[in-house]
file work09.cif (mmCIF, C-alpha atoms)
data_target
#
loop_
_atom_site.group_PDB
_atom_site.id
_atom_site.type_symbol
_atom_site.label_atom_id
_atom_site.label_comp_id
_atom_site.auth_asym_id
_atom_site.auth_seq_id
_atom_site.Cartn_x
_atom_site.Cartn_y
_atom_site.Cartn_z
ATOM 1 C CA MET A 24 99.266 169.095 92.493
ATOM 2 C CA SER A 25 101.658 167.832 89.866
ATOM 3 C CA ASN A 26 101.391 164.061 89.708
ATOM 4 C CA VAL A 27 101.218 161.652 86.775
ATOM 5 C CA LYS A 28 98.055 159.938 88.015
ATOM 6 C CA SER A 29 96.231 163.084 89.092
ATOM 7 C CA ASP A 30 97.145 164.725 85.773
ATOM 8 C CA ALA A 31 95.785 161.669 83.934
ATOM 9 C CA ILE A 32 92.524 161.964 85.884
ATOM 10 C CA LEU A 33 92.192 165.655 85.039
ATOM 11 C CA GLU A 34 92.996 165.027 81.381
ATOM 12 C CA ALA A 35 90.393 162.254 81.131
ATOM 13 C CA ALA A 36 87.772 164.295 82.980
ATOM 14 C CA THR A 37 88.399 167.326 80.768
ATOM 15 C CA LYS A 38 87.929 165.245 77.628
ATOM 16 C CA LEU A 39 84.650 163.763 78.876
ATOM 17 C CA ILE A 40 83.206 166.994 80.265
ATOM 18 C CA VAL A 41 83.935 168.804 77.013
ATOM 19 C CA LYS A 42 82.260 166.014 75.043
ATOM 20 C CA TYR A 43 79.279 165.160 77.256
ATOM 21 C CA GLY A 44 78.988 167.977 79.797
ATOM 22 C CA TYR A 45 79.587 168.021 83.526
ATOM 23 C CA GLN A 46 76.229 166.576 84.565
ATOM 24 C CA LYS A 47 76.477 163.575 82.222
ATOM 25 C CA THR A 48 80.050 162.683 83.185
ATOM 26 C CA SER A 49 80.422 160.280 86.112
ATOM 27 C CA ILE A 50 83.359 159.183 88.237
ATOM 28 C CA ASP A 51 83.039 155.735 86.640
ATOM 29 C CA ASP A 52 83.336 157.324 83.189
ATOM 30 C CA ILE A 53 86.459 159.176 84.266
ATOM 31 C CA CYS A 54 87.980 155.982 85.700
ATOM 32 C CA ARG A 55 87.418 154.115 82.455
ATOM 33 C CA GLU A 56 88.800 156.945 80.330
ATOM 34 C CA ALA A 57 91.893 157.359 82.525
ATOM 35 C CA LYS A 58 92.294 153.578 82.996
ATOM 36 C CA ILE A 59 92.597 154.204 86.728
ATOM 37 C CA GLY A 60 90.720 152.528 89.570
ATOM 38 C CA LYS A 61 88.073 154.396 91.533
ATOM 39 C CA GLY A 62 90.128 154.103 94.720
ATOM 40 C CA THR A 63 92.993 155.931 93.049
ATOM 41 C CA VAL A 64 90.677 158.704 91.871
ATOM 42 C CA TYR A 65 89.333 159.187 95.386
ATOM 43 C CA HIS A 66 92.891 159.233 96.718
ATOM 44 C CA TYR A 67 93.462 162.486 94.836
ATOM 45 C CA PHE A 68 89.949 163.940 94.668
ATOM 46 C CA GLU A 69 87.026 163.730 97.049
ATOM 47 C CA SER A 70 84.367 164.070 94.357
ATOM 48 C CA LYS A 71 83.578 164.919 90.755
ATOM 49 C CA GLU A 72 83.133 168.462 91.979
ATOM 50 C CA ASP A 73 86.743 168.531 93.182
ATOM 51 C CA ILE A 74 87.919 167.250 89.801
ATOM 52 C CA PHE A 75 86.027 169.926 87.891
ATOM 53 C CA VAL A 76 87.260 172.706 90.154
ATOM 54 C CA ALA A 77 90.830 171.380 89.800
ATOM 55 C CA ILE A 78 90.457 171.493 86.006
ATOM 56 C CA LEU A 79 89.348 175.112 86.109
ATOM 57 C CA LYS A 80 92.138 176.092 88.486
ATOM 58 C CA LYS A 81 94.792 174.421 86.330
ATOM 59 C CA ILE A 82 93.577 176.095 83.146
ATOM 60 C CA SER A 83 93.259 179.434 84.900
ATOM 61 C CA PHE A 84 96.751 179.229 86.412
ATOM 62 C CA ASP A 85 98.317 178.266 83.072
ATOM 63 C CA VAL A 86 96.546 181.063 81.203
ATOM 64 C CA TRP A 87 97.306 183.856 83.668
ATOM 65 C CA ASP A 88 100.908 182.674 84.070
ATOM 66 C CA ASP A 89 101.401 182.618 80.297
ATOM 67 C CA MET A 90 99.789 186.032 79.960
ATOM 68 C CA ARG A 91 102.005 187.601 82.623
ATOM 69 C CA LYS A 92 105.141 186.263 80.962
ATOM 70 C CA LYS A 93 104.135 187.560 77.525
ATOM 71 C CA ILE A 94 103.136 190.938 78.901
ATOM 72 C CA ASP A 95 106.414 191.226 80.817
ATOM 73 C CA ASN A 96 108.293 190.489 77.587
ATOM 74 C CA ALA A 97 106.365 193.102 75.598
ATOM 75 C CA ASN A 98 108.337 196.323 75.182
ATOM 76 C CA SER A 99 105.583 198.924 74.893
ATOM 77 C CA PHE A 100 102.198 199.856 76.298
ATOM 78 C CA GLU A 101 100.621 199.047 72.939
ATOM 79 C CA GLU A 102 102.081 195.553 72.796
ATOM 80 C CA LYS A 103 101.186 194.831 76.401
ATOM 81 C CA LEU A 104 97.572 195.875 75.853
ATOM 82 C CA LYS A 105 97.340 193.872 72.621
ATOM 83 C CA THR A 106 98.649 190.804 74.408
ATOM 84 C CA PHE A 107 96.187 191.242 77.242
ATOM 85 C CA LEU A 108 93.162 191.598 74.971
ATOM 86 C CA THR A 109 93.981 188.895 72.429
ATOM 87 C CA ILE A 110 95.049 185.956 74.618
ATOM 88 C CA PRO A 111 91.496 185.450 75.999
ATOM 89 C CA VAL A 112 90.241 184.925 72.445
ATOM 90 C CA ASP A 113 92.615 181.998 71.980
ATOM 91 C CA LEU A 114 91.506 180.642 75.347
ATOM 92 C CA LEU A 115 87.868 180.994 74.353
ATOM 93 C CA LYS A 116 88.395 178.783 71.349
ATOM 94 C CA SER A 117 90.557 176.135 73.018
ATOM 95 C CA GLN A 118 88.486 175.791 76.205
ATOM 96 C CA SER A 119 85.118 177.086 75.066
ATOM 97 C CA GLN A 120 82.966 174.198 76.282
ATOM 98 C CA LEU A 121 84.387 174.240 79.787
ATOM 99 C CA PHE A 122 84.118 177.974 80.261
ATOM 100 C CA MET A 123 80.677 178.297 78.700
ATOM 101 C CA GLN A 124 79.434 175.821 81.307
ATOM 102 C CA VAL A 125 81.001 177.859 84.088
ATOM 103 C CA LEU A 126 79.567 181.123 82.802
ATOM 104 C CA SER A 127 76.056 179.911 82.002
ATOM 105 C CA ASN A 128 75.214 176.837 84.110
ATOM 106 C CA ASP A 129 73.222 177.488 87.267
ATOM 107 C CA SER A 130 72.592 173.822 88.030
ATOM 108 C CA PHE A 131 75.895 173.146 89.790
ATOM 109 C CA THR A 132 75.515 172.217 93.448
ATOM 110 C CA PHE A 133 78.806 173.939 94.260
ATOM 111 C CA LEU A 134 78.177 177.416 92.911
ATOM 112 C CA ASP A 135 80.134 178.951 95.776
ATOM 113 C CA ARG A 136 83.324 177.331 94.448
ATOM 114 C CA ILE A 137 82.469 178.295 90.869
ATOM 115 C CA ASN A 138 81.879 181.858 92.023
ATOM 116 C CA GLU A 139 85.264 181.760 93.749
ATOM 117 C CA PHE A 140 86.802 180.854 90.376
ATOM 118 C CA LYS A 141 84.981 183.764 88.719
ATOM 119 C CA GLU A 142 86.143 186.140 91.459
ATOM 120 C CA ASN A 143 89.732 184.958 91.008
ATOM 121 C CA THR A 144 89.439 185.604 87.272
ATOM 122 C CA GLN A 145 88.209 189.119 87.966
ATOM 123 C CA LYS A 146 91.046 189.707 90.454
ATOM 124 C CA ASN A 147 93.681 188.612 87.908
ATOM 125 C CA PHE A 148 92.062 190.735 85.198
ATOM 126 C CA PHE A 149 92.129 193.872 87.338
ATOM 127 C CA GLU A 150 95.639 193.234 88.638
ATOM 128 C CA ILE A 151 97.240 192.696 85.235
ATOM 129 C CA LEU A 152 95.350 195.428 83.393
ATOM 130 C CA THR A 153 96.083 197.930 86.165
ATOM 131 C CA SER A 154 99.794 197.083 85.896
ATOM 132 C CA ILE A 155 99.672 197.724 82.132
ATOM 133 C CA PHE A 156 98.152 201.159 82.649
ATOM 134 C CA GLN A 157 100.673 201.890 85.389
ATOM 135 C CA TYR A 158 103.390 201.045 82.857
ATOM 136 C CA GLY A 159 101.796 203.556 80.487
ATOM 137 C CA ILE A 160 101.772 206.208 83.214
ATOM 138 C CA ASP A 161 105.373 205.499 84.230
ATOM 139 C CA HIS A 162 106.521 205.817 80.618
ATOM 140 C CA ASP A 163 104.390 208.934 79.994
ATOM 141 C CA VAL A 164 102.494 207.566 77.001
ATOM 142 C CA LEU A 165 98.904 207.949 78.231
ATOM 143 C CA ARG A 166 96.827 211.009 77.598
ATOM 144 C CA ASP A 167 96.385 212.947 80.840
ATOM 145 C CA GLU A 168 92.626 212.423 81.096
ATOM 146 C CA PHE A 169 93.143 208.656 80.984
ATOM 147 C CA ALA A 170 96.159 208.582 83.264
ATOM 148 C CA ILE A 171 94.083 209.999 86.133
ATOM 149 C CA ASN A 172 91.103 207.689 85.526
ATOM 150 C CA THR A 173 92.703 204.273 85.209
ATOM 151 C CA THR A 174 90.452 202.660 87.830
ATOM 152 C CA LYS A 175 87.324 203.672 85.914
ATOM 153 C CA ILE A 176 88.903 202.509 82.652
ATOM 154 C CA VAL A 177 89.816 199.103 84.065
ATOM 155 C CA ASN A 178 86.262 198.654 85.354
ATOM 156 C CA LEU A 179 84.848 199.675 81.983
ATOM 157 C CA LEU A 180 87.106 197.264 80.112
ATOM 158 C CA TYR A 181 86.139 194.448 82.464
ATOM 159 C CA ARG A 182 82.464 194.981 81.704
ATOM 160 C CA LEU A 183 83.195 195.315 78.007
ATOM 161 C CA VAL A 184 85.587 192.401 77.575
ATOM 162 C CA VAL A 185 84.621 189.858 80.235
ATOM 163 C CA THR A 186 80.960 190.239 81.088
ATOM 164 C CA ALA A 187 79.721 190.645 77.532
ATOM 165 C CA LYS A 188 77.794 187.451 76.806
ATOM 166 C CA LEU A 189 78.239 185.351 73.701
ATOM 167 C CA GLU A 190 75.345 183.847 71.812
ATOM 168 C CA ASP A 191 74.569 180.371 73.126
ATOM 169 C CA GLN A 192 74.892 178.678 69.756
ATOM 170 C CA ILE A 193 77.991 180.457 68.512
ATOM 171 C CA ASP A 194 80.219 178.295 66.323
ATOM 172 C CA LEU A 195 83.720 178.807 67.677
ATOM 173 C CA ASN A 196 85.219 176.791 64.843
ATOM 174 C CA GLY A 197 83.670 178.752 62.010
ATOM 175 C CA ASP A 198 82.859 182.249 60.812
ATOM 176 C CA SER A 199 81.465 183.341 64.172
ATOM 177 C CA PHE A 200 84.817 182.854 65.858
ATOM 178 C CA ASN A 201 86.582 184.743 63.058
ATOM 179 C CA GLU A 202 84.178 187.619 63.679
ATOM 180 C CA ILE A 203 85.120 187.604 67.369
ATOM 181 C CA VAL A 204 88.813 187.774 66.442
ATOM 182 C CA GLU A 205 88.231 190.647 64.013
ATOM 183 C CA GLU A 206 86.134 192.554 66.535
ATOM 184 C CA ARG A 207 88.757 192.086 69.256
ATOM 185 C CA GLN A 208 91.517 193.296 66.918
ATOM 186 C CA LEU A 209 89.420 196.334 66.026
ATOM 187 C CA LEU A 210 88.819 197.006 69.715
ATOM 188 C CA VAL A 211 92.561 196.903 70.368
ATOM 189 C CA GLU A 212 93.261 199.433 67.621
ATOM 190 C CA ILE A 213 90.503 201.765 68.831
ATOM 191 C CA LEU A 214 91.714 201.613 72.419
ATOM 192 C CA ILE A 215 95.352 202.180 71.589
ATOM 193 C CA LYS A 216 94.734 205.068 69.215
ATOM 194 C CA GLY A 217 92.468 206.637 71.806
ATOM 195 C CA PHE A 218 94.748 206.165 74.774
ATOM 196 C CA ILE A 219 98.116 207.183 73.379
ATOM 197 C CA LYS A 220 98.973 210.880 73.291
ATOM 198 C CA ASN A 221 100.903 212.424 70.396
ATOM 199 C CA LYS A 222 100.184 209.330 68.340
ATOM 200 C CA ASP A 223 100.645 209.514 64.596
ATOM 201 C CA MET A 224 97.111 208.811 63.380
ATOM 202 C CA SER A 225 98.019 208.731 59.687
#
call {"tool": "encode", "arguments": {"input": "work09.cif", "output": "structure tokens"}}
result
Amino acid sequence: MSNVKSDAILEAATKLIVKYGYQKTSIDDICREAKIGKGTVYHYFESKEDIFVAILKKISFDVWDDMRKKIDNANSFEEKLKTFLTIPVDLLKSQSQLFMQVLSNDSFTFLDRINEFKENTQKNFFEILTSIFQYGIDHDVLRDEFAINTTKIVNLLYRLVVTAKLEDQIDLNGDSFNEIVEERQLLVEILIKGFIKNKDMS
């Protein structure tokens, strides 16, 4: 749905939800912020729920599309894996409030649609990471014991990277976020040095 008015509604809703939270943001608030009448809002969206889900879908599509392009342009297994593991950190910082609500809020009345979003995220994660490991197999850069266990590795990385919970009060604009970046970079180096065979470890 690419439309000037619907995009304006999503932009206004995103701004308000990030600032006040989903529960405290009303359709009237969104109308005022977007300078659009309520009838116009309901022309594009049936409810506030639809708006929030549309926001998540748009962000998700943009992120996965950007990731696929960057991974396709990377010329080695190492670079592809680095790209895959570092882009979510940037996303975490730029969209932290939205995604923390999705991951931690059980008060939504439309959890089935939120769970669908989570399932789609998992599907994209597995699809892209599996393709990266397949690239490593095709180019004969993976150690044999990893090449035959890629499914287990992908599942392990999903639990490690995605399901690990952040502290509720983490400051994504300060030292805490820098620690996340450093830890993710360290994780990348550990994974790559462990996965690649005949790698110069010096």
call {"tool": "resolve_selection", "arguments": {"input": "work09.cif", "expression": "the PyMOL selection byres ((chain A and resi 145) around 12)", "output": "NGL selection string"}}
result
:A and (83 or 87 or 138-144 or 146-153 or 177-178 or 180-182 or 184-186)
call {"tool": "write_last_selection", "arguments": {"input": "work09.cif", "atoms": "C-alpha atoms", "output": "PDB file, keeping the file's coordinate frame"}}
result
ATOM      1  CA  SER A  83      93.259 179.434  84.900  1.00  0.00           C
ATOM      2  CA  TRP A  87      97.306 183.856  83.668  1.00  0.00           C
ATOM      3  CA  ASN A 138      81.879 181.858  92.023  1.00  0.00           C
ATOM      4  CA  GLU A 139      85.264 181.760  93.749  1.00  0.00           C
ATOM      5  CA  PHE A 140      86.802 180.854  90.376  1.00  0.00           C
ATOM      6  CA  LYS A 141      84.981 183.764  88.719  1.00  0.00           C
ATOM      7  CA  GLU A 142      86.143 186.140  91.459  1.00  0.00           C
ATOM      8  CA  ASN A 143      89.732 184.958  91.008  1.00  0.00           C
ATOM      9  CA  THR A 144      89.439 185.604  87.272  1.00  0.00           C
ATOM     10  CA  LYS A 146      91.046 189.707  90.454  1.00  0.00           C
ATOM     11  CA  ASN A 147      93.681 188.612  87.908  1.00  0.00           C
ATOM     12  CA  PHE A 148      92.062 190.735  85.198  1.00  0.00           C
ATOM     13  CA  PHE A 149      92.129 193.872  87.338  1.00  0.00           C
ATOM     14  CA  GLU A 150      95.639 193.234  88.638  1.00  0.00           C
ATOM     15  CA  ILE A 151      97.240 192.696  85.235  1.00  0.00           C
ATOM     16  CA  LEU A 152      95.350 195.428  83.393  1.00  0.00           C
ATOM     17  CA  THR A 153      96.083 197.930  86.165  1.00  0.00           C
ATOM     18  CA  VAL A 177      89.816 199.103  84.065  1.00  0.00           C
ATOM     19  CA  ASN A 178      86.262 198.654  85.354  1.00  0.00           C
ATOM     20  CA  LEU A 180      87.106 197.264  80.112  1.00  0.00           C
ATOM     21  CA  TYR A 181      86.139 194.448  82.464  1.00  0.00           C
ATOM     22  CA  ARG A 182      82.464 194.981  81.704  1.00  0.00           C
ATOM     23  CA  VAL A 184      85.587 192.401  77.575  1.00  0.00           C
ATOM     24  CA  VAL A 185      84.621 189.858  80.235  1.00  0.00           C
ATOM     25  CA  THR A 186      80.960 190.239  81.088  1.00  0.00           C
TER      26      THR A 186
END
call {"tool": "atom_distance", "arguments": {"input": "work09.cif", "atom1": "CA of Asp30 (chain A)", "atom2": "CA of Phe107 (chain A)"}}
result
27.9 Å
call {"tool": "atom_distance", "arguments": {"input": "work09.cif", "atom1": "CA of Tyr158 (chain A)", "atom2": "CA of Ile110 (chain A)"}}
result
19.1 Å
call {"tool": "closest_residue", "arguments": {"input": "work09.cif", "among": "A:Ile137, A:Lys92, A:Asn26, A:Ile176", "to": "Leu121 (chain A)", "atoms": "only C-alpha atoms"}}
result
A:Ile137
call {"tool": "resolve_selection", "arguments": {"input": "work09.cif", "expression": "the PyMOL selection byres ((chain A and resi 76) around 12)", "output": "PyMOL selection string"}}
result
chain A and resi 33+36-37+45+68-75+77-83+121-122+125+131+133-141
call {"tool": "atom_distance", "arguments": {"input": "work09.cif", "atom1": "CA of Ile59 (chain A)", "atom2": "CA of Ala31 (chain A)"}}
result
8.6 Å
call {"tool": "closest_residue", "arguments": {"input": "work09.cif", "among": "A:Ile155, A:Ile53, A:Asp167, A:Lys58", "to": "Glu102 (chain A)", "atoms": "all atoms listed in the file"}}
result
A:Ile155
